[in-house]
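Presented below is the structure to which this report refers.
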Amino acid sequence: MKIFDTHFHLPPESENSFTGFDSAMNEHLLQAAQKLVLTDTPFEVCRLAAGGDFSDSLRAMEYARSRENAFFSCGVHPHQAAEYLQNREDFSIFRGKKNLVAVGEIGLDYFYEESPVAEQRQVFDEFLALALEWKLPAMLHIRDKEDSFDAGNDALARLTGFAGAGGRFVIHCCTIPEEKIEPFLDLGAMIGVTGMVTFKRAENVRAMLKKVPTERLLLETDSPYLAPVPFRGKENTPGLLPLAAQALAVERDMSLEELCRVTTENAERFYLSNTGA
């Protein structure tokens, strides 16, 4: 059964230091997940390694270049915006590279605000322009402080022009409130679903997902974060993606097989159909 992890992160040091990738541990967890979702059909996991800064994007490129069914994105996470502006690396080296399928992870994070808001906006604008120039979708991180929607409103203002110019985007690990999601969907947003869909207290996420058409859904792990129940609190890996898929299938009243088929087709259409990857 084919399943597509559309967003995971490589470890900061080296891939070999992270037991979850290309290892017996990952295969063990994949088999454990397969038993928990009660299917005998083996899973074939495609993977998209997300870049959060220049060096992270280089590692993601190397990962995708050396493996089957692997892809990558390049970008500057909002946490890294200030550092990037102080030391502008040349992201043009990624243009046209084999298996590059998106610009990201980019966006706005007003929850932690590890970079000043003005600098986050500047970098976000710059990389949205890059996505348009390269004709690639943008992979977005949007996070607000509790009881605020400033980052959401600032992102929406930018995405209106971006989408109007032909830009495509996904809101990765989407936690936009259900009452705020419609304008993003009107602009064509794809929605990334993580292991949060299994969390007991994530009713807000499940409520928001009820408003999202099935053809807009993408599965992701955001590894090594957000491991699904019953592995919550442990190191996440792409091998645990079937658990998020099963939870989402239950929410959509679909079979696991159908949910995996549809979300994989969504991912291939969104990321691969116009890139030649």
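Each chain in the structure tokens gets a letter, A, B, ..., in the order shown, and its residues are numbered from 1; ligands are numbered from 1 in order too.
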Within 7 Å of Phe8 (chain A) using only C-alpha atoms, minus same-chain residues under 5 positions, as a compact mmCIF listing (two decimals) with N, CA and C atoms, in the first residue's frame:
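Result file is result12.txt:
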```txt
# COMPACT_ATOMS: atom_id res chain seq x y z
N LEU A 48 9.23 13.08 1.66
CA LEU A 48 9.64 14.41 1.25
C LEU A 48 10.38 15.05 2.43
N ALA A 49 11.69 15.24 2.27
CA ALA A 49 12.51 15.85 3.32
C ALA A 49 12.42 17.37 3.20
N ALA A 50 11.97 18.01 4.28
CA ALA A 50 11.76 19.46 4.27
C ALA A 50 13.01 20.20 4.73
N GLU A 220 1.45 13.63 6.58
CA GLU A 220 2.84 13.95 6.91
C GLU A 220 3.12 13.51 8.34
N THR A 221 4.40 13.30 8.64
CA THR A 221 4.77 12.98 10.03
C THR A 221 5.31 14.18 10.78
N ASP A 222 5.98 15.10 10.09
CA ASP A 222 6.77 16.15 10.74
C ASP A 222 7.82 15.52 11.66
N SER A 223 8.29 14.32 11.30
CA SER A 223 9.34 13.65 12.07
C SER A 223 10.52 14.61 12.26
```
Test item: residues at most 9 Å from Leu128 (chain A), only C-alpha atoms, excluding those fewer than 5 positions along its chain, as a ChimeraX atom specification: /A:103,106,123,133,137-138,158-159,162,167
Point-to-point distance from CA of Arg95 (chain A) to CA of Cys46 (chain A), Å rounded to tenths: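 Computed distance, CA of Arg95 (chain A) to CA of Cys46 (chain A), equals 21.7 Å.
Proximity of A:Met196, A:Asp40, A:Ser57, A:Leu218 to Arg269 (chain A), computed with only C-alpha atoms, is greatest for A:Leu218.
Nearest to Pro213 (chain A) of all the residues A:Gln122, A:Gln34, A:Ser66, A:Asn266 is A:Asn266, counting only C-alpha atoms.
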Interatomic distance, CA of Cys173 (chain A) to CA of Glu44 (chain A) (Å, one decimal): 21.8 Å
Using the chain letters and numbers from this document, which residues of region 11-204 of chain A does DSSP assign to strand (DSSP E), as a ChimeraX atom specification? /A:44-49,70-74,100-109,138-143,169-171,190-193
From the DSSP assignment of the backbone, select every residue of region 72-273 of chain A that is helix (DSSP H, G or I), and format the answer as an MDAnalysis selection string. chainID A and resid 78:86 91:94 117:134 150:164 178:180 182:186 195:198 203:209 214:216 238:252 256:272
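Nearest to Gly104 (chain A) of all the residues A:Cys74, A:Ala32, A:Ala157, A:Leu241 is A:Cys74, based on only C-alpha atoms.
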Between A:Glu146, A:Pro116, A:Gly52, A:Phe71, which residue has the minimum interatomic distance to Phe91 (chain A), considering only C-alpha atoms? A:Gly52
Please identify all polymer residues within 10 Å of Gln246 (chain A), counting only C-alpha atoms, omitting same-chain residues fewer than 6 positions from it, and present them as a list in words. Ala33, Gln34, Leu36, Val37, Leu38, Val197, Thr198, Arg252, Met254, Ser255, Leu256, Glu257, Leu259 and Cys260 of chain A
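You will find CA of Ala227 (chain A) at 8.4 Å from CA of Thr194 (chain A).
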Residue nearest Lys97 (chain A) among A:Glu182, A:Glu62, A:Glu113, A:Asp56 (counting only C-alpha atoms):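 So, comparing all the options, the nearest one is A:Glu62.
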Spatial neighbours of region 184-193 of chain A, 7 Å, only C-alpha atoms, chain gap at least 6 places, as a compact mmCIF listing (two decimals) with C-alpha atoms, in the first residue's frame:
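This went into out.txt:
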```
# COMPACT_ATOMS: atom_id res chain seq x y z
CA LEU A 156 -3.49 35.27 4.29
CA THR A 160 -3.96 36.23 -1.66
CA ALA A 163 -2.38 32.56 -5.29
CA ARG A 168 0.16 26.93 -4.96
CA PHE A 169 0.68 26.15 -1.28
CA VAL A 170 0.19 23.67 1.53
CA ILE A 171 -0.29 24.59 5.18
CA HIS A 172 1.93 22.02 6.84
CA CYS A 173 0.79 20.59 10.20
CA CYS A 174 -2.27 22.77 9.90
CA ARG A 216 -7.03 18.80 -0.38
CA LEU A 217 -5.56 16.47 2.29
CA LEU A 218 -1.91 15.45 2.54
CA LEU A 219 -0.40 13.08 5.11
CA GLU A 220 2.84 13.95 6.91
```
Test item: residues at most 8 Å from Arg261 (chain A), only C-alpha atoms, excluding those fewer than 4 positions along its chain, as a PyMOL selection string: chain A and resi 1-3+257+265
Create the file for the chosen residues now, containing N, CA and C atoms and written as an mmCIF file, in the first residue's frame.
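Written output follows (part_17.cif):
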```cif
data_model
loop_
_atom_site.group_PDB
_atom_site.id
_atom_site.type_symbol
_atom_site.label_atom_id
_atom_site.label_comp_id
_atom_site.auth_asym_id
_atom_site.auth_seq_id
_atom_site.Cartn_x
_atom_site.Cartn_y
_atom_site.Cartn_z
ATOM 1 N N MET A 1 0.853 -1.193 0.000
ATOM 2 C CA MET A 1 0.000 0.000 0.000
ATOM 3 C C MET A 1 0.886 1.240 0.000
ATOM 4 N N LYS A 2 0.709 2.077 -0.990
ATOM 5 C CA LYS A 2 1.556 3.262 -1.100
ATOM 6 C C LYS A 2 1.037 4.369 -0.192
ATOM 7 N N ILE A 3 1.968 5.021 0.510
ATOM 8 C CA ILE A 3 1.627 6.106 1.419
ATOM 9 C C ILE A 3 2.734 7.151 1.317
ATOM 10 N N GLU A 257 -7.253 1.816 3.118
ATOM 11 C CA GLU A 257 -6.735 1.667 1.762
ATOM 12 C C GLU A 257 -7.152 2.839 0.880
ATOM 13 N N GLU A 265 -2.400 10.122 -4.149
ATOM 14 C CA GLU A 265 -2.708 10.773 -5.423
ATOM 15 C C GLU A 265 -2.691 12.293 -5.275
#
```
For Asn69 (chain A), list every protein, DNA or RNA residue within 8 Å, evaluated using only C-alpha atoms, and leave out those in the same chain fewer than 4 positions away; present the list as number ranges by chain. A: 45-47, 64
